[in-house]
>>> print(open('final_10.pdb').read())   # PDB, N, CA and C atoms, pLDDT in the B column
ATOM      1  N   MET H 130       0.840  -1.174   0.000  1.00 66.00           N
ATOM      2  CA  MET H 130       0.000   0.000   0.000  1.00 66.00           C
ATOM      3  C   MET H 130       0.888   1.242   0.000  1.00 66.00           C
ATOM      4  N   THR H 131       0.483   2.245  -0.729  1.00 66.00           N
ATOM      5  CA  THR H 131       1.228   3.499  -0.815  1.00 66.00           C
ATOM      6  C   THR H 131       0.303   4.640  -0.452  1.00 66.00           C
ATOM      7  N   SER H 132       0.844   5.578   0.289  1.00 67.00           N
ATOM      8  CA  SER H 132       0.088   6.779   0.637  1.00 67.00           C
ATOM      9  C   SER H 132       0.856   7.993   0.171  1.00 67.00           C
ATOM     10  N   HIS H 133       0.142   8.991  -0.218  1.00 70.00           N
ATOM     11  CA  HIS H 133       0.765  10.238  -0.649  1.00 70.00           C
ATOM     12  C   HIS H 133       0.114  11.381   0.107  1.00 70.00           C
ATOM     13  N   GLY H 134       0.869  12.401   0.322  1.00 74.00           N
ATOM     14  CA  GLY H 134       0.349  13.571   1.002  1.00 74.00           C
ATOM     15  C   GLY H 134       1.310  14.714   0.800  1.00 74.00           C
ATOM     16  N   PHE H 135       1.096  15.774   1.529  1.00 79.00           N
ATOM     17  CA  PHE H 135       2.025  16.885   1.456  1.00 79.00           C
ATOM     18  C   PHE H 135       2.068  17.569   2.813  1.00 79.00           C
ATOM     19  N   ALA H 136       3.106  18.310   3.015  1.00 80.00           N
ATOM     20  CA  ALA H 136       3.254  19.072   4.248  1.00 80.00           C
ATOM     21  C   ALA H 136       3.816  20.436   3.908  1.00 80.00           C
ATOM     22  N   LEU H 137       3.405  21.412   4.662  1.00 85.00           N
ATOM     23  CA  LEU H 137       3.965  22.749   4.536  1.00 85.00           C
ATOM     24  C   LEU H 137       4.696  23.044   5.842  1.00 85.00           C
ATOM     25  N   ASN H 138       5.988  23.219   5.746  1.00 87.00           N
ATOM     26  CA  ASN H 138       6.779  23.570   6.914  1.00 87.00           C
ATOM     27  C   ASN H 138       6.619  25.063   7.151  1.00 87.00           C
ATOM     28  N   ILE H 139       5.947  25.415   8.238  1.00 92.00           N
ATOM     29  CA  ILE H 139       5.713  26.826   8.507  1.00 92.00           C
ATOM     30  C   ILE H 139       6.921  27.435   9.208  1.00 92.00           C
ATOM     31  N   ALA H 140       7.300  26.893  10.362  1.00 90.00           N
ATOM     32  CA  ALA H 140       8.445  27.437  11.097  1.00 90.00           C
ATOM     33  C   ALA H 140       9.101  26.365  11.957  1.00 90.00           C
ATOM     34  N   PRO H 141       9.436  25.203  11.383  1.00 88.00           N
ATOM     35  CA  PRO H 141      10.032  24.135  12.187  1.00 88.00           C
ATOM     36  C   PRO H 141      11.535  24.309  12.342  1.00 88.00           C
ATOM     37  N   ASP H 142      12.103  23.507  13.236  1.00 89.00           N
ATOM     38  CA  ASP H 142      13.551  23.400  13.339  1.00 89.00           C
ATOM     39  C   ASP H 142      13.963  22.458  12.211  1.00 89.00           C
ATOM     40  N   LEU H 143      14.611  22.979  11.204  1.00 87.00           N
ATOM     41  CA  LEU H 143      14.956  22.181  10.025  1.00 87.00           C
ATOM     42  C   LEU H 143      16.211  21.333  10.212  1.00 87.00           C
ATOM     43  N   ALA H 144      16.826  21.376  11.390  1.00 89.00           N
ATOM     44  CA  ALA H 144      18.038  20.594  11.643  1.00 89.00           C
ATOM     45  C   ALA H 144      17.793  19.095  11.434  1.00 89.00           C
ATOM     46  N   ALA H 145      16.608  18.626  11.769  1.00 84.00           N
ATOM     47  CA  ALA H 145      16.300  17.202  11.612  1.00 84.00           C
ATOM     48  C   ALA H 145      16.403  16.753  10.158  1.00 84.00           C
ATOM     49  N   PHE H 146      16.133  17.667   9.219  1.00 80.00           N
ATOM     50  CA  PHE H 146      16.187  17.294   7.807  1.00 80.00           C
ATOM     51  C   PHE H 146      17.602  16.978   7.334  1.00 80.00           C
ATOM     52  N   SER H 147      18.604  17.332   8.108  1.00 82.00           N
ATOM     53  CA  SER H 147      19.983  17.008   7.717  1.00 82.00           C
ATOM     54  C   SER H 147      20.330  15.559   8.034  1.00 82.00           C
ATOM     55  N   THR H 148      19.449  14.846   8.723  1.00 87.00           N
ATOM     56  CA  THR H 148      19.732  13.463   9.107  1.00 87.00           C
ATOM     57  C   THR H 148      19.141  12.426   8.153  1.00 87.00           C
ATOM     58  N   PHE H 149      18.370  12.870   7.156  1.00 86.00           N
ATOM     59  CA  PHE H 149      17.794  11.930   6.192  1.00 86.00           C
ATOM     60  C   PHE H 149      17.532  12.649   4.870  1.00 86.00           C
ATOM     61  N   THR H 150      17.244  11.884   3.849  1.00 85.00           N
ATOM     62  CA  THR H 150      16.942  12.446   2.533  1.00 85.00           C
ATOM     63  C   THR H 150      15.435  12.533   2.384  1.00 85.00           C
ATOM     64  N   ALA H 151      14.912  13.725   2.478  1.00 80.00           N
ATOM     65  CA  ALA H 151      13.463  13.919   2.385  1.00 80.00           C
ATOM     66  C   ALA H 151      12.973  13.645   0.967  1.00 80.00           C
ATOM     67  N   CYS H 152      11.920  12.878   0.870  1.00 79.00           N
ATOM     68  CA  CYS H 152      11.256  12.586  -0.412  1.00 79.00           C
ATOM     69  C   CYS H 152      12.190  11.952  -1.443  1.00 79.00           C
ATOM     70  N   GLY H 153      13.308  11.393  -0.998  1.00 82.00           N
ATOM     71  CA  GLY H 153      14.242  10.776  -1.934  1.00 82.00           C
ATOM     72  C   GLY H 153      14.906  11.765  -2.866  1.00 82.00           C
ATOM     73  N   LEU H 154      15.022  13.012  -2.441  1.00 84.00           N
ATOM     74  CA  LEU H 154      15.586  14.079  -3.272  1.00 84.00           C
ATOM     75  C   LEU H 154      16.851  14.631  -2.615  1.00 84.00           C
ATOM     76  N   PRO H 155      17.986  13.959  -2.773  1.00 88.00           N
ATOM     77  CA  PRO H 155      19.198  14.397  -2.079  1.00 88.00           C
ATOM     78  C   PRO H 155      19.707  15.769  -2.511  1.00 88.00           C
ATOM     79  N   GLU H 156      19.362  16.204  -3.693  1.00 89.00           N
ATOM     80  CA  GLU H 156      19.852  17.486  -4.195  1.00 89.00           C
ATOM     81  C   GLU H 156      18.961  18.668  -3.794  1.00 89.00           C
ATOM     82  N   VAL H 157      17.867  18.390  -3.095  1.00 85.00           N
ATOM     83  CA  VAL H 157      16.920  19.434  -2.728  1.00 85.00           C
ATOM     84  C   VAL H 157      17.025  19.743  -1.240  1.00 85.00           C
ATOM     85  N   ALA H 158      17.216  21.012  -0.911  1.00 83.00           N
ATOM     86  CA  ALA H 158      17.259  21.434   0.489  1.00 83.00           C
ATOM     87  C   ALA H 158      15.834  21.746   0.955  1.00 83.00           C
ATOM     88  N   MET H 159      15.486  21.257   2.128  1.00 84.00           N
ATOM     89  CA  MET H 159      14.178  21.554   2.688  1.00 84.00           C
ATOM     90  C   MET H 159      14.192  22.983   3.227  1.00 84.00           C
ATOM     91  N   THR H 160      13.066  23.636   3.163  1.00 89.00           N
ATOM     92  CA  THR H 160      12.943  25.001   3.658  1.00 89.00           C
ATOM     93  C   THR H 160      11.610  25.138   4.368  1.00 89.00           C
ATOM     94  N   SER H 161      11.292  26.318   4.784  1.00 92.00           N
ATOM     95  CA  SER H 161      10.024  26.569   5.463  1.00 92.00           C
ATOM     96  C   SER H 161       9.429  27.867   4.927  1.00 92.00           C
ATOM     97  N   LEU H 162       8.149  28.032   5.178  1.00 93.00           N
ATOM     98  CA  LEU H 162       7.499  29.266   4.752  1.00 93.00           C
ATOM     99  C   LEU H 162       8.093  30.467   5.471  1.00 93.00           C
ATOM    100  N   SER H 163       8.494  30.292   6.738  1.00 94.00           N
ATOM    101  CA  SER H 163       9.081  31.418   7.464  1.00 94.00           C
ATOM    102  C   SER H 163      10.439  31.798   6.881  1.00 94.00           C
ATOM    103  N   GLU H 164      11.251  30.810   6.453  1.00 93.00           N
ATOM    104  CA  GLU H 164      12.536  31.128   5.820  1.00 93.00           C
ATOM    105  C   GLU H 164      12.328  31.819   4.478  1.00 93.00           C
ATOM    106  N   MET H 165      11.341  31.358   3.728  1.00 93.00           N
ATOM    107  CA  MET H 165      11.067  31.978   2.435  1.00 93.00           C
ATOM    108  C   MET H 165      10.559  33.403   2.615  1.00 93.00           C
ATOM    109  N   ALA H 166       9.709  33.619   3.615  1.00 95.00           N
ATOM    110  CA  ALA H 166       9.201  34.959   3.880  1.00 95.00           C
ATOM    111  C   ALA H 166      10.338  35.878   4.302  1.00 95.00           C
ATOM    112  N   ALA H 167      11.206  35.401   5.199  1.00 95.00           N
ATOM    113  CA  ALA H 167      12.326  36.217   5.667  1.00 95.00           C
ATOM    114  C   ALA H 167      13.245  36.598   4.516  1.00 95.00           C
ATOM    115  N   ALA H 168      13.451  35.694   3.571  1.00 95.00           N
ATOM    116  CA  ALA H 168      14.319  35.970   2.426  1.00 95.00           C
ATOM    117  C   ALA H 168      13.747  37.083   1.549  1.00 95.00           C
ATOM    118  N   SER H 169      12.431  37.262   1.608  1.00 95.00           N
ATOM    119  CA  SER H 169      11.816  38.322   0.815  1.00 95.00           C
ATOM    120  C   SER H 169      11.425  39.528   1.675  1.00 95.00           C
ATOM    121  N   GLY H 170      11.907  39.558   2.918  1.00 97.00           N
ATOM    122  CA  GLY H 170      11.650  40.695   3.790  1.00 97.00           C
ATOM    123  C   GLY H 170      10.249  40.763   4.363  1.00 97.00           C
ATOM    124  N   LYS H 171       9.560  39.639   4.392  1.00 95.00           N
ATOM    125  CA  LYS H 171       8.188  39.607   4.904  1.00 95.00           C
ATOM    126  C   LYS H 171       8.135  38.838   6.216  1.00 95.00           C
ATOM    127  N   PRO H 172       7.096  39.050   7.021  1.00 94.00           N
ATOM    128  CA  PRO H 172       6.962  38.291   8.268  1.00 94.00           C
ATOM    129  C   PRO H 172       6.509  36.859   7.985  1.00 94.00           C
ATOM    130  N   ALA H 173       6.805  35.968   8.907  1.00 92.00           N
ATOM    131  CA  ALA H 173       6.374  34.575   8.770  1.00 92.00           C
ATOM    132  C   ALA H 173       4.855  34.500   8.844  1.00 92.00           C
ATOM    133  N   PRO H 174       4.249  33.635   8.046  1.00 93.00           N
ATOM    134  CA  PRO H 174       2.791  33.511   8.101  1.00 93.00           C
ATOM    135  C   PRO H 174       2.360  32.761   9.357  1.00 93.00           C
ATOM    136  N   ALA H 175       1.185  33.066   9.830  1.00 94.00           N
ATOM    137  CA  ALA H 175       0.619  32.355  10.975  1.00 94.00           C
ATOM    138  C   ALA H 175       0.061  31.015  10.500  1.00 94.00           C
ATOM    139  N   GLU H 176       0.071  30.030  11.393  1.00 93.00           N
ATOM    140  CA  GLU H 176      -0.425  28.701  11.027  1.00 93.00           C
ATOM    141  C   GLU H 176      -1.869  28.764  10.536  1.00 93.00           C
ATOM    142  N   ARG H 177      -2.696  29.523  11.193  1.00 95.00           N
ATOM    143  CA  ARG H 177      -4.108  29.607  10.777  1.00 95.00           C
ATOM    144  C   ARG H 177      -4.244  30.199   9.376  1.00 95.00           C
ATOM    145  N   ALA H 178      -3.443  31.197   9.054  1.00 95.00           N
ATOM    146  CA  ALA H 178      -3.496  31.805   7.719  1.00 95.00           C
ATOM    147  C   ALA H 178      -3.090  30.797   6.655  1.00 95.00           C
ATOM    148  N   VAL H 179      -2.076  29.992   6.956  1.00 94.00           N
ATOM    149  CA  VAL H 179      -1.631  28.958   6.005  1.00 94.00           C
ATOM    150  C   VAL H 179      -2.721  27.916   5.841  1.00 94.00           C
ATOM    151  N   ARG H 180      -3.276  27.457   6.958  1.00 92.00           N
ATOM    152  CA  ARG H 180      -4.337  26.437   6.906  1.00 92.00           C
ATOM    153  C   ARG H 180      -5.533  26.942   6.097  1.00 92.00           C
ATOM    154  N   ASP H 181      -5.944  28.196   6.344  1.00 95.00           N
ATOM    155  CA  ASP H 181      -7.086  28.756   5.612  1.00 95.00           C
ATOM    156  C   ASP H 181      -6.790  28.905   4.117  1.00 95.00           C
ATOM    157  N   ALA H 182      -5.582  29.321   3.778  1.00 94.00           N
ATOM    158  CA  ALA H 182      -5.211  29.494   2.362  1.00 94.00           C
ATOM    159  C   ALA H 182      -5.196  28.153   1.641  1.00 94.00           C
ATOM    160  N   VAL H 183      -4.677  27.118   2.292  1.00 92.00           N
ATOM    161  CA  VAL H 183      -4.650  25.783   1.669  1.00 92.00           C
ATOM    162  C   VAL H 183      -6.066  25.266   1.504  1.00 92.00           C
ATOM    163  N   ALA H 184      -6.894  25.418   2.524  1.00 93.00           N
ATOM    164  CA  ALA H 184      -8.282  24.960   2.432  1.00 93.00           C
ATOM    165  C   ALA H 184      -9.005  25.656   1.285  1.00 93.00           C
ATOM    166  N   GLU H 185      -8.804  26.951   1.164  1.00 94.00           N
ATOM    167  CA  GLU H 185      -9.448  27.693   0.079  1.00 94.00           C
ATOM    168  C   GLU H 185      -8.928  27.248  -1.285  1.00 94.00           C
ATOM    169  N   ALA H 186      -7.618  27.056  -1.389  1.00 93.00           N
ATOM    170  CA  ALA H 186      -7.032  26.645  -2.672  1.00 93.00           C
ATOM    171  C   ALA H 186      -7.513  25.254  -3.098  1.00 93.00           C
ATOM    172  N   LEU H 187      -7.803  24.410  -2.100  1.00 90.00           N
ATOM    173  CA  LEU H 187      -8.271  23.059  -2.422  1.00 90.00           C
ATOM    174  C   LEU H 187      -9.785  22.976  -2.506  1.00 90.00           C
ATOM    175  N   GLY H 188     -10.460  24.107  -2.378  1.00 91.00           N
ATOM    176  CA  GLY H 188     -11.907  24.136  -2.546  1.00 91.00           C
ATOM    177  C   GLY H 188     -12.685  23.698  -1.335  1.00 91.00           C
ATOM    178  N   ALA H 189     -12.072  23.716  -0.148  1.00 81.00           N
ATOM    179  CA  ALA H 189     -12.752  23.265   1.060  1.00 81.00           C
ATOM    180  C   ALA H 189     -13.598  24.367   1.705  1.00 81.00           C
ATOM    181  N   VAL H 190     -13.512  25.574   1.171  1.00 68.00           N
ATOM    182  CA  VAL H 190     -14.316  26.672   1.739  1.00 68.00           C
ATOM    183  C   VAL H 190     -15.135  27.321   0.656  1.00 68.00           C
TER     184      VAL H 190
END
>>> encode(input="final_10.pdb", output="structure tokens")
Amino acid sequence: MTSHGFALNIAPDLAAFSTFTACGLPEVAMTSLSEMAAASGKPAPAERAVRDAVAEALGAV
């Protein structure tokens, strides 16, 4: 049996990702929404805002 899903890293400690190859992609560095926001000079998104945006994008609202 195989399961598929996705996760959005909002503001985790990414140190754990250095101990394994996420998604079988050794050439890809894991990041988070807060790191991406900081790189563009924006504040980190709140978990509720991310959850609501994903729900809306997937048609759940």
>>> atom_distance(input="final_10.pdb", atom1="CA of Ala145 (chain H)", atom2="CA of Ser169 (chain H)")
24.1 Å
>>> select_by_dssp(input="final_10.pdb", residues="chain H", states="alpha helix (DSSP H)", output="list in words")
Leu162, Ser163, Glu164, Met165, Ala166, Ala167, Ala168, Glu176, Arg177, Ala178, Val179, Arg180, Asp181, Ala182, Val183, Ala184, Glu185 and Ala186 of chain H
>>> resolve_selection(input="final_10.pdb", expression="the PyMOL selection byres ((chain H and resi 160) around 8)", output="mmCIF file with N, CA and C atoms, keeping the file's coordinate frame")
data_model
loop_
_atom_site.group_PDB
_atom_site.id
_atom_site.type_symbol
_atom_site.label_atom_id
_atom_site.label_comp_id
_atom_site.auth_asym_id
_atom_site.auth_seq_id
_atom_site.Cartn_x
_atom_site.Cartn_y
_atom_site.Cartn_z
ATOM 1 N N LEU H 137 3.405 21.412 4.662
ATOM 2 C CA LEU H 137 3.965 22.749 4.536
ATOM 3 C C LEU H 137 4.696 23.044 5.842
ATOM 4 N N ASN H 138 5.988 23.219 5.746
ATOM 5 C CA ASN H 138 6.779 23.570 6.914
ATOM 6 C C ASN H 138 6.619 25.063 7.151
ATOM 7 N N ILE H 139 5.947 25.415 8.238
ATOM 8 C CA ILE H 139 5.713 26.826 8.507
ATOM 9 C C ILE H 139 6.921 27.435 9.208
ATOM 10 N N ALA H 140 7.300 26.893 10.362
ATOM 11 C CA ALA H 140 8.445 27.437 11.097
ATOM 12 C C ALA H 140 9.101 26.365 11.957
ATOM 13 N N PRO H 141 9.436 25.203 11.383
ATOM 14 C CA PRO H 141 10.032 24.135 12.187
ATOM 15 C C PRO H 141 11.535 24.309 12.342
ATOM 16 N N LEU H 143 14.611 22.979 11.204
ATOM 17 C CA LEU H 143 14.956 22.181 10.025
ATOM 18 C C LEU H 143 16.211 21.333 10.212
ATOM 19 N N VAL H 157 17.867 18.390 -3.095
ATOM 20 C CA VAL H 157 16.920 19.434 -2.728
ATOM 21 C C VAL H 157 17.025 19.743 -1.240
ATOM 22 N N ALA H 158 17.216 21.012 -0.911
ATOM 23 C CA ALA H 158 17.259 21.434 0.489
ATOM 24 C C ALA H 158 15.834 21.746 0.955
ATOM 25 N N MET H 159 15.486 21.257 2.128
ATOM 26 C CA MET H 159 14.178 21.554 2.688
ATOM 27 C C MET H 159 14.192 22.983 3.227
ATOM 28 N N SER H 161 11.292 26.318 4.784
ATOM 29 C CA SER H 161 10.024 26.569 5.463
ATOM 30 C C SER H 161 9.429 27.867 4.927
ATOM 31 N N LEU H 162 8.149 28.032 5.178
ATOM 32 C CA LEU H 162 7.499 29.266 4.752
ATOM 33 C C LEU H 162 8.093 30.467 5.471
ATOM 34 N N SER H 163 8.494 30.292 6.738
ATOM 35 C CA SER H 163 9.081 31.418 7.464
ATOM 36 C C SER H 163 10.439 31.798 6.881
ATOM 37 N N GLU H 164 11.251 30.810 6.453
ATOM 38 C CA GLU H 164 12.536 31.128 5.820
ATOM 39 C C GLU H 164 12.328 31.819 4.478
ATOM 40 N N MET H 165 11.341 31.358 3.728
ATOM 41 C CA MET H 165 11.067 31.978 2.435
ATOM 42 C C MET H 165 10.559 33.403 2.615
#
>>> resolve_selection(input="final_10.pdb", expression="the PyMOL selection byres (((chain H and resi 135 and name CA) around 12) and name CA)", output="list in words")
Ser132, His133, Gly134, Ala136, Leu137, Asn138, Ala151, Cys152 and Val183 of chain H
>>> atom_distance(input="final_10.pdb", atom1="CA of Ala186 (chain H)", atom2="CA of Lys171 (chain H)")
21.4 Å
>>> atom_distance(input="final_10.pdb", atom1="CA of Pro172 (chain H)", atom2="atom N of Asp142 (chain H)")
16.4 Å
>>> build_atoms(input="final_10.pdb", residues="region 145-156 of chain H", atoms="all heavy atoms", output="PDB file, keeping the file's coordinate frame")
ATOM      1  N   ALA H 145      16.608  18.626  11.769  1.00 84.00           N
ATOM      2  CA  ALA H 145      16.300  17.202  11.612  1.00 84.00           C
ATOM      3  C   ALA H 145      16.403  16.753  10.158  1.00 84.00           C
ATOM      4  O   ALA H 145      16.732  15.599   9.879  1.00 84.00           O
ATOM      5  CB  ALA H 145      14.901  16.908  12.140  1.00 84.00           C
ATOM      6  N   PHE H 146      16.133  17.667   9.219  1.00 80.00           N
ATOM      7  CA  PHE H 146      16.187  17.294   7.807  1.00 80.00           C
ATOM      8  C   PHE H 146      17.602  16.978   7.334  1.00 80.00           C
ATOM      9  O   PHE H 146      17.776  16.405   6.262  1.00 80.00           O
ATOM     10  CB  PHE H 146      15.570  18.391   6.933  1.00 80.00           C
ATOM     11  CG  PHE H 146      14.073  18.431   7.014  1.00 80.00           C
ATOM     12  CD1 PHE H 146      13.440  19.359   7.817  1.00 80.00           C
ATOM     13  CD2 PHE H 146      13.297  17.537   6.291  1.00 80.00           C
ATOM     14  CE1 PHE H 146      12.053  19.397   7.905  1.00 80.00           C
ATOM     15  CE2 PHE H 146      11.917  17.560   6.364  1.00 80.00           C
ATOM     16  CZ  PHE H 146      11.293  18.499   7.178  1.00 80.00           C
ATOM     17  N   SER H 147      18.604  17.332   8.108  1.00 82.00           N
ATOM     18  CA  SER H 147      19.983  17.008   7.717  1.00 82.00           C
ATOM     19  C   SER H 147      20.330  15.559   8.034  1.00 82.00           C
ATOM     20  O   SER H 147      21.377  15.071   7.622  1.00 82.00           O
ATOM     21  CB  SER H 147      20.973  17.949   8.414  1.00 82.00           C
ATOM     22  OG  SER H 147      20.974  17.706   9.807  1.00 82.00           O
ATOM     23  N   THR H 148      19.449  14.846   8.723  1.00 87.00           N
ATOM     24  CA  THR H 148      19.732  13.463   9.107  1.00 87.00           C
ATOM     25  C   THR H 148      19.141  12.426   8.153  1.00 87.00           C
ATOM     26  O   THR H 148      19.362  11.242   8.328  1.00 87.00           O
ATOM     27  CB  THR H 148      19.218  13.184  10.527  1.00 87.00           C
ATOM     28  OG1 THR H 148      17.788  13.316  10.548  1.00 87.00           O
ATOM     29  CG2 THR H 148      19.837  14.137  11.539  1.00 87.00           C
ATOM     30  N   PHE H 149      18.370  12.870   7.156  1.00 86.00           N
ATOM     31  CA  PHE H 149      17.794  11.930   6.192  1.00 86.00           C
ATOM     32  C   PHE H 149      17.532  12.649   4.870  1.00 86.00           C
ATOM     33  O   PHE H 149      17.592  13.872   4.796  1.00 86.00           O
ATOM     34  CB  PHE H 149      16.490  11.308   6.721  1.00 86.00           C
ATOM     35  CG  PHE H 149      15.389  12.308   6.976  1.00 86.00           C
ATOM     36  CD1 PHE H 149      14.449  12.590   6.004  1.00 86.00           C
ATOM     37  CD2 PHE H 149      15.291  12.958   8.196  1.00 86.00           C
ATOM     38  CE1 PHE H 149      13.436  13.506   6.226  1.00 86.00           C
ATOM     39  CE2 PHE H 149      14.272  13.866   8.441  1.00 86.00           C
ATOM     40  CZ  PHE H 149      13.347  14.141   7.448  1.00 86.00           C
ATOM     41  N   THR H 150      17.244  11.884   3.849  1.00 85.00           N
ATOM     42  CA  THR H 150      16.942  12.446   2.533  1.00 85.00           C
ATOM     43  C   THR H 150      15.435  12.533   2.384  1.00 85.00           C
ATOM     44  O   THR H 150      14.760  11.518   2.209  1.00 85.00           O
ATOM     45  CB  THR H 150      17.541  11.571   1.408  1.00 85.00           C
ATOM     46  OG1 THR H 150      18.944  11.499   1.608  1.00 85.00           O
ATOM     47  CG2 THR H 150      17.235  12.145   0.044  1.00 85.00           C
ATOM     48  N   ALA H 151      14.912  13.725   2.478  1.00 80.00           N
ATOM     49  CA  ALA H 151      13.463  13.919   2.385  1.00 80.00           C
ATOM     50  C   ALA H 151      12.973  13.645   0.967  1.00 80.00           C
ATOM     51  O   ALA H 151      13.560  14.117  -0.003  1.00 80.00           O
ATOM     52  CB  ALA H 151      13.098  15.336   2.801  1.00 80.00           C
ATOM     53  N   CYS H 152      11.920  12.878   0.870  1.00 79.00           N
ATOM     54  CA  CYS H 152      11.256  12.586  -0.412  1.00 79.00           C
ATOM     55  C   CYS H 152      12.190  11.952  -1.443  1.00 79.00           C
ATOM     56  O   CYS H 152      11.918  12.004  -2.638  1.00 79.00           O
ATOM     57  CB  CYS H 152      10.625  13.853  -0.990  1.00 79.00           C
ATOM     58  SG  CYS H 152       9.425  14.625   0.105  1.00 79.00           S
ATOM     59  N   GLY H 153      13.308  11.393  -0.998  1.00 82.00           N
ATOM     60  CA  GLY H 153      14.242  10.776  -1.934  1.00 82.00           C
ATOM     61  C   GLY H 153      14.906  11.765  -2.866  1.00 82.00           C
ATOM     62  O   GLY H 153      15.298  11.410  -3.976  1.00 82.00           O
ATOM     63  N   LEU H 154      15.022  13.012  -2.441  1.00 84.00           N
ATOM     64  CA  LEU H 154      15.586  14.079  -3.272  1.00 84.00           C
ATOM     65  C   LEU H 154      16.851  14.631  -2.615  1.00 84.00           C
ATOM     66  O   LEU H 154      16.814  15.689  -1.980  1.00 84.00           O
ATOM     67  CB  LEU H 154      14.553  15.200  -3.469  1.00 84.00           C
ATOM     68  CG  LEU H 154      13.239  14.790  -4.120  1.00 84.00           C
ATOM     69  CD1 LEU H 154      12.208  15.898  -3.997  1.00 84.00           C
ATOM     70  CD2 LEU H 154      13.472  14.412  -5.566  1.00 84.00           C
ATOM     71  N   PRO H 155      17.986  13.959  -2.773  1.00 88.00           N
ATOM     72  CA  PRO H 155      19.198  14.397  -2.079  1.00 88.00           C
ATOM     73  C   PRO H 155      19.707  15.769  -2.511  1.00 88.00           C
ATOM     74  O   PRO H 155      20.378  16.453  -1.746  1.00 88.00           O
ATOM     75  CB  PRO H 155      20.211  13.305  -2.420  1.00 88.00           C
ATOM     76  CG  PRO H 155      19.710  12.694  -3.676  1.00 88.00           C
ATOM     77  CD  PRO H 155      18.208  12.794  -3.606  1.00 88.00           C
ATOM     78  N   GLU H 156      19.362  16.204  -3.693  1.00 89.00           N
ATOM     79  CA  GLU H 156      19.852  17.486  -4.195  1.00 89.00           C
ATOM     80  C   GLU H 156      18.961  18.668  -3.794  1.00 89.00           C
ATOM     81  O   GLU H 156      19.261  19.808  -4.105  1.00 89.00           O
ATOM     82  CB  GLU H 156      19.996  17.444  -5.717  1.00 89.00           C
ATOM     83  CG  GLU H 156      18.689  17.343  -6.481  1.00 89.00           C
ATOM     84  CD  GLU H 156      18.040  15.960  -6.527  1.00 89.00           C
ATOM     85  OE1 GLU H 156      18.629  14.980  -6.031  1.00 89.00           O
ATOM     86  OE2 GLU H 156      16.929  15.860  -7.052  1.00 89.00           O
TER      87      GLU H 156
END
